[in-house]
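The data block below is final_6.cif; it holds mmCIF, C-alpha atoms.
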```cif
data_final
#
loop_
_atom_site.label_atom_id
_atom_site.label_comp_id
_atom_site.auth_asym_id
_atom_site.auth_seq_id
_atom_site.Cartn_x
_atom_site.Cartn_y
_atom_site.Cartn_z
CA MET A 137 51.06 -264.67 -276.21
CA ASP A 138 51.11 -262.11 -279.01
CA PHE A 139 48.77 -259.14 -279.47
CA GLU A 140 48.75 -255.95 -281.48
CA VAL A 141 48.15 -253.81 -278.38
CA THR A 142 48.49 -254.57 -274.66
CA ILE A 143 46.77 -252.26 -272.18
CA VAL A 144 47.90 -252.14 -268.55
CA GLY A 145 44.91 -251.08 -266.43
CA ALA A 146 41.31 -252.29 -266.77
CA GLY A 147 39.62 -249.22 -265.30
CA VAL A 148 37.12 -247.17 -267.29
CA VAL A 149 39.77 -245.54 -269.50
CA GLY A 150 41.70 -248.75 -270.24
CA SER A 151 38.54 -250.80 -270.83
CA SER A 152 36.95 -248.20 -273.11
CA LEU A 153 40.17 -248.02 -275.15
CA ALA A 154 40.28 -251.82 -275.44
CA SER A 155 36.64 -251.92 -276.53
CA LEU A 156 37.07 -249.23 -279.17
CA LEU A 157 40.20 -250.85 -280.60
CA ALA A 158 38.49 -254.26 -280.63
CA GLN A 159 35.63 -252.77 -282.64
CA GLN A 160 38.21 -251.82 -285.27
CA GLY A 161 39.46 -255.41 -285.42
CA ILE A 162 42.60 -254.76 -283.36
CA ASN A 163 43.69 -257.69 -281.18
CA VAL A 164 44.02 -256.41 -277.58
CA CYS A 165 45.18 -257.81 -274.24
CA VAL A 166 44.05 -256.05 -271.03
CA LEU A 167 46.09 -256.59 -267.88
CA ASP A 168 45.18 -255.47 -264.35
CA ARG A 169 46.74 -256.23 -260.98
CA ASN A 170 43.22 -256.31 -259.47
CA ASP A 171 39.73 -257.19 -260.71
CA PRO A 172 37.87 -253.87 -261.13
CA PHE A 173 34.75 -255.72 -262.32
CA ARG A 174 34.12 -257.69 -259.13
CA GLY A 175 31.25 -255.44 -257.94
CA ASN A 176 27.70 -256.70 -257.48
CA LYS A 177 24.22 -255.23 -257.61
CA VAL A 178 24.45 -254.04 -254.02
CA THR A 179 27.46 -251.81 -254.78
CA ARG A 180 26.49 -250.95 -258.36
CA PHE A 181 25.39 -247.40 -257.55
CA GLN A 182 27.67 -246.88 -254.59
CA GLY A 183 31.19 -245.52 -254.61
CA ARG A 184 32.51 -242.78 -256.83
CA THR A 185 30.50 -241.12 -259.56
CA VAL A 186 31.54 -239.13 -262.60
CA ALA A 187 29.95 -236.25 -264.51
CA LEU A 188 30.05 -237.35 -268.14
CA ASN A 189 30.14 -234.45 -270.59
CA LEU A 190 28.46 -234.69 -273.99
CA SER A 191 31.70 -235.63 -275.72
CA SER A 192 32.12 -238.60 -273.36
CA VAL A 193 28.52 -239.62 -274.01
CA GLU A 194 29.34 -239.77 -277.73
CA LEU A 195 32.16 -242.22 -276.99
CA ILE A 196 29.80 -244.43 -274.98
CA LYS A 197 27.28 -244.27 -277.82
CA GLU A 198 30.00 -245.41 -280.22
CA LEU A 199 30.45 -248.47 -278.01
CA ASN A 200 26.68 -249.10 -278.24
CA LEU A 201 26.33 -248.91 -274.46
CA TRP A 202 24.44 -245.66 -274.02
CA SER A 203 20.88 -246.96 -274.46
CA GLU A 204 21.32 -249.10 -271.33
CA LEU A 205 23.70 -246.90 -269.32
CA GLU A 206 21.51 -243.81 -269.75
CA LYS A 207 18.81 -245.49 -267.63
CA GLU A 208 21.29 -245.54 -264.74
CA THR A 209 22.32 -241.88 -264.94
CA THR A 210 20.91 -238.54 -263.83
CA SER A 211 21.14 -235.70 -266.31
CA PHE A 212 21.93 -232.07 -265.55
CA GLU A 213 21.13 -229.10 -267.72
CA ARG A 214 22.45 -226.41 -265.41
CA ILE A 215 25.69 -225.69 -263.54
CA CYS A 216 25.54 -223.22 -260.66
CA VAL A 217 28.79 -221.85 -259.23
CA TRP A 218 29.19 -219.44 -256.37
CA ASP A 219 31.77 -218.24 -253.89
CA THR A 220 30.84 -217.92 -250.23
CA LYS A 221 33.25 -214.98 -249.99
CA GLY A 222 30.84 -212.77 -251.89
CA SER A 223 31.19 -213.23 -255.66
CA SER A 224 28.06 -213.11 -257.77
CA PRO A 225 26.86 -216.62 -258.65
CA LEU A 226 27.51 -218.00 -262.12
CA GLU A 227 24.84 -219.97 -263.95
CA PHE A 228 25.55 -222.07 -267.03
CA LEU A 229 22.59 -223.47 -268.96
CA ALA A 230 22.37 -226.13 -271.66
CA THR A 231 20.02 -223.87 -273.60
CA ASP A 232 22.83 -221.30 -273.89
CA ILE A 233 24.55 -223.64 -276.37
CA ASP A 234 21.33 -225.01 -277.91
CA GLN A 235 21.50 -228.30 -276.05
CA LYS A 236 18.97 -230.10 -273.86
CA LYS A 237 21.59 -231.42 -271.41
CA LEU A 238 25.07 -230.44 -270.27
CA GLY A 239 25.96 -233.92 -269.07
CA TYR A 240 25.03 -236.98 -267.05
CA VAL A 241 26.14 -238.26 -263.64
CA ALA A 242 26.92 -241.98 -263.60
CA SER A 243 28.40 -244.52 -261.21
CA ILE A 244 31.91 -245.73 -262.07
CA ASN A 245 30.84 -249.26 -261.04
CA SER A 246 27.94 -249.15 -263.47
CA ILE A 247 30.12 -248.02 -266.39
CA LEU A 248 32.67 -250.73 -265.60
CA GLU A 249 30.02 -253.45 -265.59
CA TYR A 250 28.86 -252.56 -269.10
CA LEU A 251 32.43 -252.37 -270.38
CA PHE A 252 33.24 -255.76 -268.82
CA LYS A 253 30.33 -257.42 -270.61
CA LEU A 254 31.39 -255.80 -273.86
CA MET A 255 34.96 -257.09 -273.57
CA GLN A 256 33.84 -260.56 -272.48
CA ASP A 257 31.74 -260.82 -275.66
CA SER A 258 34.55 -259.62 -277.93
CA GLU A 259 36.74 -262.06 -279.80
CA ASN A 260 39.44 -259.39 -280.00
CA VAL A 261 39.93 -258.83 -276.24
CA SER A 262 41.84 -261.06 -273.82
CA LEU A 263 41.46 -260.22 -270.12
CA GLN A 264 44.31 -260.97 -267.70
CA LEU A 265 42.94 -259.92 -264.30
CA ASN A 266 44.58 -260.23 -260.87
CA THR A 267 47.84 -260.22 -262.79
CA GLU A 268 50.62 -257.79 -261.95
CA LEU A 269 53.08 -256.20 -264.35
CA LYS A 270 56.64 -257.13 -263.35
CA GLY A 271 58.90 -256.08 -266.22
CA VAL A 272 59.07 -254.47 -269.66
CA GLU A 273 61.50 -255.34 -272.44
CA VAL A 274 61.61 -253.77 -275.92
CA ASN A 275 62.91 -256.00 -278.69
CA GLY A 276 63.08 -254.28 -282.07
CA ASN A 277 59.51 -254.04 -283.39
CA SER A 278 57.80 -255.47 -280.32
CA VAL A 279 57.57 -254.98 -276.56
CA THR A 280 57.29 -257.88 -274.11
CA ILE A 281 56.00 -257.69 -270.56
CA SER A 282 56.59 -260.16 -267.74
CA CYS A 283 53.60 -260.93 -265.51
CA SER A 284 53.24 -262.09 -261.91
CA ASN A 285 51.65 -265.36 -263.10
CA GLY A 286 54.74 -266.20 -265.16
CA ASN A 287 53.23 -265.27 -268.52
CA LYS A 288 55.06 -263.17 -271.08
CA ILE A 289 52.93 -261.02 -273.40
CA SER A 290 54.30 -259.44 -276.58
CA SER A 291 52.71 -256.68 -278.66
CA LYS A 292 53.51 -253.81 -281.00
CA LEU A 293 52.35 -251.23 -278.48
CA LEU A 294 52.02 -251.11 -274.69
CA VAL A 295 49.47 -248.66 -273.24
CA GLY A 296 49.60 -247.39 -269.66
CA ALA A 297 46.09 -246.86 -268.31
CA ASP A 298 47.03 -247.88 -264.78
CA GLY A 299 46.29 -244.64 -262.97
CA VAL A 300 48.13 -241.87 -261.21
CA ASN A 301 50.61 -244.28 -259.57
CA SER A 302 51.28 -246.01 -262.90
CA THR A 303 53.70 -248.93 -262.63
CA LEU A 304 54.21 -248.91 -266.39
CA ARG A 305 55.13 -245.22 -266.37
CA GLN A 306 57.75 -245.89 -263.71
CA LEU A 307 59.18 -248.95 -265.49
CA SER A 308 59.39 -246.92 -268.70
CA ASN A 309 61.28 -244.11 -266.93
CA ILE A 310 58.78 -241.44 -268.00
CA ASN A 311 59.23 -238.44 -265.72
CA THR A 312 56.40 -236.36 -264.29
CA ARG A 313 55.71 -232.98 -262.75
CA THR A 314 53.67 -233.45 -259.62
CA TRP A 315 52.63 -231.52 -256.55
CA ASN A 316 50.47 -232.07 -253.52
CA TYR A 317 47.41 -229.86 -253.03
CA ASP A 318 47.48 -230.42 -249.28
CA GLN A 319 43.80 -231.26 -249.61
CA LYS A 320 41.69 -234.36 -249.11
CA ALA A 321 38.49 -235.15 -251.00
CA PHE A 322 35.49 -236.64 -249.16
CA VAL A 323 32.91 -238.53 -251.23
CA THR A 324 29.57 -240.02 -250.24
CA SER A 325 25.86 -240.21 -251.11
CA LEU A 326 23.33 -237.74 -249.71
CA LYS A 327 19.60 -237.14 -249.55
CA THR A 328 18.68 -233.46 -249.61
CA GLU A 329 15.46 -231.83 -248.45
CA LYS A 330 15.10 -229.87 -251.69
CA PHE A 331 15.12 -231.22 -255.25
CA HIS A 332 18.46 -230.83 -257.01
CA GLU A 333 16.73 -229.24 -260.03
CA ASN A 334 18.94 -231.31 -262.36
CA THR A 335 21.73 -228.91 -261.46
CA ALA A 336 25.40 -229.53 -260.73
CA TRP A 337 26.26 -227.26 -257.79
CA GLN A 338 29.80 -225.99 -257.18
CA ILE A 339 30.46 -223.99 -254.00
CA PHE A 340 33.84 -222.38 -253.27
CA THR A 341 34.57 -221.96 -249.56
CA PRO A 342 37.66 -220.69 -247.68
CA THR A 343 38.52 -224.29 -246.73
CA GLY A 344 38.01 -225.85 -250.17
CA PRO A 345 35.40 -226.40 -252.93
CA ILE A 346 32.26 -228.53 -252.55
CA ALA A 347 30.41 -230.20 -255.43
CA PHE A 348 26.84 -231.50 -255.32
CA LEU A 349 26.19 -233.77 -258.32
CA PRO A 350 22.60 -234.82 -259.02
CA PHE A 351 22.37 -238.62 -258.84
CA ASP A 352 19.06 -240.14 -257.79
CA VAL A 353 19.32 -243.54 -259.49
CA ASN A 354 19.92 -245.18 -256.13
CA LYS A 355 16.46 -243.98 -254.96
CA GLU A 356 17.59 -243.66 -251.34
CA SER A 357 19.85 -240.72 -252.20
CA ASN A 358 19.73 -237.89 -254.73
CA ILE A 359 23.17 -236.24 -254.49
CA SER A 360 26.73 -237.43 -254.95
CA LEU A 361 29.11 -235.36 -252.83
CA VAL A 362 32.71 -234.39 -253.62
CA TRP A 363 34.05 -232.17 -250.82
CA SER A 364 37.67 -231.04 -251.18
CA ALA A 365 39.01 -229.79 -247.84
CA GLU A 366 42.30 -228.14 -246.92
CA LYS A 367 44.59 -230.45 -244.93
CA LYS A 368 44.01 -229.04 -241.42
CA TYR A 369 40.26 -228.76 -241.91
CA ALA A 370 40.17 -232.26 -243.45
CA GLU A 371 41.76 -233.65 -240.30
CA GLU A 372 39.02 -232.00 -238.25
CA LEU A 373 36.32 -233.47 -240.52
CA ASN A 374 37.91 -236.91 -240.20
CA ALA A 375 37.64 -236.70 -236.43
CA VAL A 376 33.99 -235.59 -236.09
CA GLU A 377 30.86 -237.72 -235.82
CA GLU A 378 28.71 -238.12 -238.93
CA GLU A 379 26.07 -235.78 -237.51
CA LYS A 380 28.66 -233.00 -237.12
CA PHE A 381 30.05 -233.71 -240.61
CA ILE A 382 26.59 -233.16 -242.12
CA SER A 383 25.99 -230.05 -240.00
CA GLU A 384 29.25 -228.56 -241.27
CA LEU A 385 28.26 -229.42 -244.83
CA GLU A 386 24.85 -227.74 -244.46
CA ASN A 387 26.49 -224.57 -243.14
CA LYS A 388 29.24 -224.52 -245.75
CA THR A 389 26.71 -224.87 -248.58
CA GLU A 390 24.38 -222.29 -247.03
CA TYR A 391 21.48 -224.76 -247.01
CA ILE A 392 21.17 -224.37 -250.78
CA LEU A 393 19.36 -227.73 -250.91
CA GLY A 394 17.94 -227.60 -247.40
CA ARG A 395 18.55 -230.23 -244.74
CA ILE A 396 20.85 -233.11 -245.63
CA GLU A 397 20.84 -236.81 -244.69
CA LEU A 398 23.86 -239.07 -245.04
CA LYS A 399 23.01 -242.14 -247.15
CA GLY A 400 26.34 -243.84 -247.68
CA ALA A 401 29.75 -244.45 -246.18
CA ILE A 402 32.14 -241.49 -246.25
CA SER A 403 35.41 -242.24 -248.04
CA SER A 404 38.34 -239.93 -248.63
CA PHE A 405 41.54 -239.69 -250.65
CA PRO A 406 44.43 -237.19 -250.92
CA LEU A 407 44.50 -234.77 -253.84
CA ASN A 408 47.54 -234.42 -256.05
CA GLN A 409 48.14 -232.98 -259.49
CA LEU A 410 50.36 -234.77 -261.98
CA HIS A 411 51.41 -234.33 -265.58
CA SER A 412 53.83 -236.54 -267.49
CA LYS A 413 56.63 -234.68 -269.21
CA SER A 414 56.23 -237.06 -272.14
CA TYR A 415 53.20 -239.17 -273.07
CA PHE A 416 55.29 -241.91 -274.63
CA SER A 417 58.56 -243.80 -274.52
CA ASN A 418 59.89 -246.68 -276.62
CA ARG A 419 56.67 -248.53 -277.67
CA VAL A 420 54.90 -247.32 -274.53
CA VAL A 421 52.16 -244.65 -274.44
CA LEU A 422 50.12 -243.20 -271.55
CA VAL A 423 46.42 -242.34 -271.31
CA GLY A 424 44.14 -241.00 -268.59
CA ASP A 425 45.43 -240.57 -265.04
CA ALA A 426 48.69 -242.31 -265.94
CA ALA A 427 49.46 -239.26 -268.11
CA HIS A 428 47.65 -236.53 -266.15
CA SER A 429 45.71 -236.14 -262.94
CA PHE A 430 43.60 -233.12 -262.00
CA HIS A 431 41.83 -231.57 -259.04
CA PRO A 432 38.23 -232.89 -259.03
CA LEU A 433 36.66 -229.42 -258.72
CA ALA A 434 35.94 -229.22 -262.47
CA GLY A 435 34.95 -232.87 -262.79
CA GLN A 436 36.95 -233.20 -266.01
CA GLY A 437 39.46 -235.95 -265.13
CA LEU A 438 37.66 -238.90 -266.73
CA ASN A 439 36.32 -236.75 -269.56
CA LEU A 440 39.86 -235.82 -270.55
CA GLY A 441 40.86 -239.48 -270.22
CA PHE A 442 38.08 -240.35 -272.67
CA SER A 443 39.41 -237.68 -275.03
CA ASP A 444 42.81 -239.41 -274.84
CA VAL A 445 41.10 -242.69 -275.74
CA VAL A 446 39.31 -241.20 -278.76
CA SER A 447 42.49 -239.58 -280.05
CA LEU A 448 44.71 -242.66 -279.60
CA THR A 449 42.09 -244.94 -281.19
CA ASP A 450 41.90 -242.61 -284.20
CA LYS A 451 45.71 -242.54 -284.63
CA LEU A 452 46.10 -246.32 -284.26
CA THR A 453 43.19 -247.17 -286.53
CA LYS A 454 44.45 -244.94 -289.33
CA ALA A 455 48.01 -246.25 -288.92
CA ARG A 456 46.83 -249.86 -289.13
CA ARG A 457 44.86 -249.17 -292.32
CA ARG A 458 48.02 -247.75 -293.88
CA GLY A 459 50.05 -250.76 -292.75
CA LYS A 460 52.18 -248.71 -290.35
CA ASP A 461 53.82 -249.89 -287.14
CA LEU A 462 51.40 -249.18 -284.27
CA GLY A 463 54.26 -248.62 -281.83
CA SER A 464 56.28 -246.23 -283.98
CA ASN A 465 57.39 -242.88 -282.58
CA GLU A 466 55.64 -241.14 -285.49
CA ILE A 467 52.22 -242.42 -284.38
CA LEU A 468 52.84 -241.78 -280.69
CA GLN A 469 54.16 -238.26 -281.30
CA ASP A 470 51.03 -237.50 -283.30
CA TYR A 471 48.89 -238.65 -280.36
CA GLU A 472 50.92 -236.61 -277.85
CA LYS A 473 50.57 -233.45 -279.96
CA SER A 474 46.80 -233.87 -280.08
CA ARG A 475 46.39 -234.24 -276.31
CA LYS A 476 49.19 -232.46 -274.48
CA ILE A 477 48.02 -228.86 -274.99
CA PRO A 478 44.37 -229.50 -273.95
CA ASN A 479 45.55 -231.41 -270.86
CA LEU A 480 48.17 -228.80 -269.91
CA THR A 481 45.54 -226.09 -270.34
CA MET A 482 43.29 -227.89 -267.87
CA THR A 483 46.23 -228.30 -265.48
CA ALA A 484 46.85 -224.54 -265.56
CA MET A 485 43.15 -223.75 -265.11
CA MET A 486 42.84 -226.01 -262.06
CA GLU A 487 45.86 -224.41 -260.42
CA LEU A 488 44.51 -220.94 -261.21
CA PHE A 489 41.13 -221.80 -259.70
CA LYS A 490 42.69 -223.24 -256.57
CA GLN A 491 45.06 -220.32 -256.03
CA GLY A 492 42.36 -217.79 -256.84
CA PHE A 493 39.82 -219.12 -254.37
CA GLU A 494 42.01 -220.04 -251.43
CA HIS A 495 43.53 -216.57 -250.94
CA SER A 496 41.94 -213.97 -248.68
CA ASP A 497 44.01 -211.12 -250.15
CA PRO A 498 41.53 -208.27 -250.88
CA TRP A 499 43.03 -207.60 -254.33
CA ILE A 500 42.70 -211.25 -255.32
CA LYS A 501 39.15 -211.26 -253.97
CA LEU A 502 38.35 -208.14 -256.02
CA SER A 503 39.84 -209.74 -259.15
CA ARG A 504 37.82 -212.90 -258.53
CA ASN A 505 34.60 -210.92 -258.21
CA LEU A 506 35.40 -209.03 -261.41
CA VAL A 507 35.95 -212.29 -263.29
CA PHE A 508 32.61 -213.66 -262.08
CA SER A 509 30.90 -210.43 -263.06
CA THR A 510 32.56 -210.31 -266.48
CA VAL A 511 31.64 -213.90 -267.33
CA ASN A 512 28.06 -213.29 -266.18
CA GLN A 513 27.72 -210.27 -268.45
CA SER A 514 29.48 -211.71 -271.50
CA SER A 515 27.36 -214.17 -273.47
CA TRP A 516 30.40 -215.08 -275.61
CA LEU A 517 32.54 -215.96 -272.58
CA LYS A 518 29.68 -217.87 -271.02
CA LYS A 519 29.18 -219.94 -274.15
CA LYS A 520 32.91 -220.66 -274.31
CA PHE A 521 32.95 -221.94 -270.73
CA ILE A 522 29.82 -224.02 -271.27
CA LYS A 523 31.09 -225.57 -274.50
CA GLU A 524 34.35 -226.57 -272.84
CA ALA A 525 32.51 -228.09 -269.87
CA ALA A 526 30.24 -230.01 -272.25
CA GLY A 527 33.20 -231.26 -274.26
CA PHE A 528 32.73 -229.10 -277.34
CA ILE A 529 36.33 -227.89 -277.69
#
```
Here is the file; what I need is its structure written in the form of structure tokens.
Amino acid sequence: MDFEVTIVGAGVVGSSLASLLAQQGINVCVLDRNDPFRGNKVTRFQGRTVALNLSSVELIKELNLWSELEKETTSFERICVWDTKGSSPLEFLATDIDQKKLGYVASINSILEYLFKLMQDSENVSLQLNTELKGVEVNGNSVTISCSNGNKISSKLLVGADGVNSTLRQLSNINTRTWNYDQKAFVTSLKTEKFHENTAWQIFTPTGPIAFLPFDVNKESNISLVWSAEKKYAEELNAVEEEKFISELENKTEYILGRIELKGAISSFPLNQLHSKSYFSNRVVLVGDAAHSFHPLAGQGLNLGFSDVVSLTDKLTKARRRGKDLGSNEILQDYEKSRKIPNLTMTAMMELFKQGFEHSDPWIKLSRNLVFSTVNQSSWLKKKFIKEAAGFI
């Protein structure tokens, strides 16, 4: 089987890339070792959520999916950040940058369902699900992969969108810088006593940051929780009954939204940070978590993955119009240059945030308070932070 582009990984990033390329008439194969589209209506609004910034919304609009997906999202026009150690709270408003919204919270399962339908209806997309990548071989102007079902697929370019533990990245011998945060993230659905006020709440505590994302599409709940806990404290949370878990959460968040009810299963996963030293190898290029993985405290992981998708689509589309080789180093270097600095900047910011908020050193605490105060008093700085969060880089 021959294609112009083969994408390994059918998650949101890989599927959105395939859909955008297909719109440009590029023949794409999408391979995944699992079937990420196997959800049903019962689980549609369960599981992990994502805060889509305005830049990501534009991508979804380009795919002509937003009119339907928007009905299954909850918007937020305010971000409230505070530190339980005493810093003044920070408030970011959509009106500060002349916007009505700062973003929208959506279910990953919901986004995947719309992307699946889009690819199924496209003549330019071939889906190879429940099919594992076994080998990669570059032959001159093409790259061929061997699959677990015995198939061999050839293309001009091979894209790794297969996540933080990317098989393709490993087979292509692309090295990474990675470190463990010694934290675990807990995610679940909640119902709070008070209305969320269409606000994304971020609380920094001595044992890790907590995010309350407004998401009331499910009706039974109105908040999506992401609670990042230091290793020792995470072990304690794992061991307690659900009632104690919620009690701890209420105390840690200072009852900002009143009493809390648990409305979904609690799941957890370890937190690591990763950045590939190179975004490409011989006819292989990485996007999303395969290239970079961040701490969830800023909620920018998928948004940056979408930015990768937009950039790579632009480079490949222009190259194809000029009759250039889609897998050439020239094209892939151009893509890497466009994305590496923004992604490395986010990597540095996440590490700075983590280090800055986990230390009890009085000088670090004083510096942290000064930063909060300075940002609060500087309209220029505030606008810069808000624009970056909204995707206006």
Give as a ChimeraX atom specification the residues that the PyMOL selection byres ((chain A and resi 207) around 12) matches when applied to the coordinates above.
-> /A:201-206,208-211,240-243,246-247,351-354
Close residues, Asn170 in chain A itself excluded, 12 Å, all atoms listed in the file, min 3 positions apart in chain, as a ChimeraX atom specification | /A:144-147,166-167,173-174,263-269,284,298
Near-Val295 in chain A list (7 Å; only C-alpha atoms; drop same-chain fewer than 5 positions) as a ChimeraX atom specification = /A:142-144,420-422
Applied to the shown file, which residues does the PyMOL selection byres ((chain A and resi 476-480) around 12) return, written as a PyMOL selection string?
-> chain A and resi 313+409-416+422-425+427-430+436-444+447+468-475+481-487+524+527+529
12 Å contact set for Leu373 in chain A, only C-alpha atoms, chain neighbours under 5 positions out, as a PyMOL selection string | chain A and resi 319-322+343+363-368+378-385+402-404
Two-atom distance - CA of Asn418 in chain A, CA of Ile289 in chain A (Å) |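 Separation between CA of Asn418 in chain A and CA of Ile289 in chain A: 16.3 Å.
Going from CA of Gln159 in chain A over to CA of Phe252 in chain A, you cover 14.3 Å.
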Interatomic distance, CA of Val272 in chain A to CA of Leu307 in chain A (Å, one decimal) =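 If I compute the distance from CA of Val272 in chain A to CA of Leu307 in chain A, I get 6.9 Å.
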Identify, on the basis of only C-alpha atoms, every residue whose closest approach to Lys237 in chain A does not exceed 7 Å; exclude the query and any residue fewer than 3 positions from it along the same chain; express the result as a PyMOL selection string.
-> chain A and resi 211-213+230
How about saving the chosen residues, C-alpha atoms kept, as a CSV table (one decimal), in the frame of the given file?
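Ended up saving to selection-v2.csv:
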```csv
chain,number,residue,atom,x,y,z
A,211,SER,CA,21.1,-235.7,-266.3
A,212,PHE,CA,21.9,-232.1,-265.6
A,213,GLU,CA,21.1,-229.1,-267.7
A,230,ALA,CA,22.4,-226.1,-271.7
```
From the list A:Ser152, A:Lys327, A:Leu226, A:Leu199, which residue is nearest Glu397 in chain A when using all atoms listed in the file?
-> A:Lys327
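Distances to Ser290 in chain A were evaluated for A:Ala154, A:Cys165, A:Ala455, A:Val186 using only C-alpha atoms, and the minimum falls at A:Cys165.
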Report the residues retrieved by the PyMOL selection byres ((chain A and resi 160) around 10) from the displayed file, expressed as a VMD selection string.
-> chain A and resid 155 to 159 161 to 163 260 449 to 450 452 to 453 456
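The smallest atom-to-atom distance between Ile346 in chain A and any of A:Ile396, A:Ala375, A:Val217, A:Val164, using all atoms listed in the file, is found for A:Val217.
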